Structures are given as C-alpha cells and as structure tokens.
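To start, the structure under review is shown below, and the notes come after it.
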Amino acid sequence: MPFLLLLLALVGFSAAKKVTFYASGQSELHGFALVVFCCVAALPFVGVRYADVPRLLRAILRGIGVVVLVQVLFDAFGPVPPAPNIIFGAANEHTLFFRWGALIAVIAGFASLWRPIFLMPLFIYYVAFRLLIGPAAGIWVSDTDFLSMLDAGVFAVFGGVIAVVATSDWTLNRFPTLRSMMADMPPDVLRQKATNLVWAVIVGAHLGNYFCSGVAKLMAGGPAPWTWLLQNPTQTAIVIGTERGDNPLAMFPSLLQFSWDTISTFGLAFNFFVLAAQLLAPWPSFGFAGCCSSRCCSISFTSAST
C-alpha cells in the first residue's frame, strides 16, 4: 500500500510537469491560466495542514516553499526583469503572466505558509516563469539550472497531500473498501511509511542529480576531463541571470558586485568545491539509510540512491 501511494504521487508529478511545460511552450496566456487552475484545484485540499504531514517530508515542504517564495518575491518586486512585474514596468503584452500571474503566485506563496497545498500554484508559477522569461528577455535558460529543487517540491506536495488524504478519517469513512485494504496497517503507520518513501525518493533523486551533473562536467572536457574545473568562467552566470531577470541579488548592486568579485577571484577554488560536492553527493544517502533503518524505511533509501 505505501508503494501504491508513492506511485500515485509519481503519476501526479509527471502529469503536472508535462502540462506545465506544454502550457509554457504555448503562450504566456496558457501559463497564466495554468496558475489560476492550480489555485482553484488547491481549494478542496485546504484542510490538509503541515501538522498532518510527517516530520521528514514536512521539513522538505517548508524548506523548499520558503526558498521559492523568497525568489518569487525578488522577481515580482525587483526593478530588473525585462517584462513588467507587480510594481515596475509599463503594461504590455507580457503583463498578464509576469504581473498578474506573479501577484497570484505571491498570494499563494503566503497562503502556503499555513497550508501546503498552496505550494503547488507557487511552484508551478515559478517553473513557468523560468521557462517564459527566456523568450521575453531573449536569453534562453536551461531547465536543468532550476528544475531540480522545483521537481522535488512539486513531488513532495503530491506525495504529502495524497498520503494525508488517503489515510484521513474523511476518506476512510466514505470508502470502506479502502479501509479494508488497510486492515493490516493502521492509517497513521501507512501515512508515515508512504511519506518516508516519498522523502527517500526526493533525497535519492536530488543527490543523484548532483552526481550526474558532476559526471557531465568531467565528460564535457572529452580527453581533458578537468577542463571545466580549470577553465569554466562560473561568474558569467551572474551576468546572464541579471540580464534575464532571475538573479535575486540584482536588487542589491553591492552584493551583486561582491559575488562577482568573489567568484572571479576564487574561481578555481569555487569550481573545485562545486565539482567535489557533486561527485561526492551520493555518499550521504548511505548515512541516511543507516540512521533511519530503525524507522523501517532503509529499503527506500537504498533503492532511491542506487
């Protein structure tokens, strides 16, 4: 049964990702409509509280939610993006998504501080924002630059909400067949095991993504695998993000200059730290598996990290 809830979360996550990419690829109007739809679809699940979600997954939901909300606030109120945002910029063909869509995302983001389901419109908006800001600015963005954390966030919302709803008294009282399927496992135990599985998949996939990124950096050099380490101008990402409108430090010129100077001066050390951290990323998963074996989820960690 825990694996069935995990499968439902994976199906929901996959469908949401495909729809988001499709809508963002059509037009800004489609992106705006998707954000509105996510807000409306969230309403039936406002009864799900953070306290209902077991601790491990709850920490991921809150952590990613706060980080994305802060980023959206910078984008929505900073005088940087080429498209208009909530305060700055003249109304034009980009207003619907980048101004009104941003306003809806900010409201949903603050609502998500109390109810996790409102993380969904916040996350979906930010994915669409990053996909649409490239064409608007004329500077394209690779989805690998931002999707890792957002994928984890969207999947965590699906996993947490599905586990809570499926094991709630409201659901079990209306679907006796479902209750009978849980005869050998109390609902609170099922909820714990299902969310542990979701957490394990998120951790394993996230660490695996970092490892694959490190391997790709080595392979990019071909016969000289240390090319990225020795020659990659990592600081240029600061300029690209500033021009495109998705660098949160753009509102603070002194911090922006400081980050540029620091990375430029210590570029080799910074690249070494990034590459080493990515190549060593899978190792913490073994520690997680050992520490949590008493929680009956070590199989989950093992499968997620291999």
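Every chain in the structure tokens takes a letter, A first, then B, and so on in the order presented; its residues are numbered from 1, and the ligands are numbered from 1 following the presented order.
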
(message) Give me the residues near Gln71 of chain A as a list in words, where near means some atom within 9 Å (using only C-alpha atoms) and where sequence neighbours in that chain fewer than 5 positions away do not count.
(response)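 Neighbouring residues, sequence-local ones excluded: Val66, Ala76, Tyr126, Asp246, Asn247 and Pro248 of chain A.
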
Using the selection just defined, write its residues with N, CA, C and O atoms as a PDB file, in the first residue's frame.
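And here is the file that came out, selection_13.pdb:
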```
ATOM      1  N   VAL A  66       9.714  28.046   1.320  1.00  0.00           N
ATOM      2  CA  VAL A  66      10.240  29.352   1.729  1.00  0.00           C
ATOM      3  C   VAL A  66      11.271  29.859   0.726  1.00  0.00           C
ATOM      4  O   VAL A  66      11.271  31.043   0.359  1.00  0.00           O
ATOM      5  N   ALA A  76       9.201  39.390  -8.391  1.00  0.00           N
ATOM      6  CA  ALA A  76       7.926  40.087  -8.552  1.00  0.00           C
ATOM      7  C   ALA A  76       7.988  41.562  -8.189  1.00  0.00           C
ATOM      8  O   ALA A  76       7.153  42.346  -8.651  1.00  0.00           O
ATOM      9  N   TYR A 126       6.521  29.376 -10.730  1.00  0.00           N
ATOM     10  CA  TYR A 126       7.943  29.656 -10.867  1.00  0.00           C
ATOM     11  C   TYR A 126       8.574  28.834 -11.986  1.00  0.00           C
ATOM     12  O   TYR A 126       9.475  29.314 -12.685  1.00  0.00           O
ATOM     13  N   ASP A 246      16.313  36.980 -13.516  1.00  0.00           N
ATOM     14  CA  ASP A 246      16.032  35.995 -12.472  1.00  0.00           C
ATOM     15  C   ASP A 246      17.190  35.852 -11.481  1.00  0.00           C
ATOM     16  O   ASP A 246      17.379  34.797 -10.885  1.00  0.00           O
ATOM     17  N   ASN A 247      17.968  36.915 -11.312  1.00  0.00           N
ATOM     18  CA  ASN A 247      19.024  36.924 -10.304  1.00  0.00           C
ATOM     19  C   ASN A 247      18.526  37.707  -9.091  1.00  0.00           C
ATOM     20  O   ASN A 247      18.341  38.925  -9.163  1.00  0.00           O
ATOM     21  N   PRO A 248      18.302  37.062  -7.951  1.00  0.00           N
ATOM     22  CA  PRO A 248      17.717  37.764  -6.798  1.00  0.00           C
ATOM     23  C   PRO A 248      18.609  38.853  -6.235  1.00  0.00           C
ATOM     24  O   PRO A 248      18.123  39.755  -5.537  1.00  0.00           O
TER      25      PRO A 248
END
```

(message) Neighbouring residues of Pro2 of chain A were defined as those with any atom within 10 Å, considering only C-alpha atoms; residues of the same chain fewer than 4 positions away were excluded. Please report them as a PyMOL selection string.
(response) chain A and resi 6-7+163+185+189-198

Using the selection just defined, write its residues with C-alpha atoms as a compact mmCIF listing (two decimals), in the first residue's frame.
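Produced file out-v2.txt, reproduced below:
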```txt
# COMPACT_ATOMS: atom_id res chain seq x y z
CA LEU A 6 4.15 6.56 -3.96
CA LEU A 7 3.10 5.53 -7.47
CA ALA A 163 -0.76 10.32 1.77
CA MET A 185 -1.64 -1.45 8.68
CA VAL A 189 1.52 3.95 10.06
CA LEU A 190 0.65 3.88 6.36
CA ARG A 191 0.93 7.66 6.19
CA GLN A 192 4.34 7.53 7.86
CA LYS A 193 5.66 4.81 5.57
CA ALA A 194 4.31 6.45 2.40
CA THR A 195 5.78 9.86 3.21
CA ASN A 196 9.09 8.21 4.17
CA LEU A 197 9.15 6.64 0.71
CA VAL A 198 8.42 9.99 -0.93
```

(request) Identify which of the residues A:Leu172, A:Leu229, A:Ala166, A:Ala51 lies closest to Ala276 of chain A, counting only C-alpha atoms when measuring atom-to-atom distances. (result)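 So, comparing all the options, the nearest one is A:Leu229.
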
(request) Please give the complete set of residues from segment 134-232 of chain A that DSSP, run on the backbone, assigns to helix (DSSP H, G or I), formatted as a count of residues only. (result) 78

(message) One number please: atom CA of Ile107 of chain A to atom CA of Phe45 of chain A, in Å, one decimal.
(response) 16.7 Å

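Shortest separation to Ile60 of chain A among A:Ala250, A:Ala156, A:Val106, A:Ala111 occurs at residue A:Ala156, atoms counted being only C-alpha atoms.
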
(request) Check the smallest atom-to-atom distance from each of A:Thr262, A:Thr20, A:Asn85, A:Ser112 to Ala33 of chain A using only C-alpha atoms, then report the winner. (result)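 Comparing A:Thr262, A:Thr20, A:Asn85, A:Ser112 against Ala33 of chain A, the winner is A:Thr20.
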
(request) Give me, please, the distance in Å between atom CA of Leu131 of chain A and atom CA of Phe97 of chain A, quoted to one decimal. (result)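 Pair atom CA of Leu131 of chain A / atom CA of Phe97 of chain A returns 11.9 Å.
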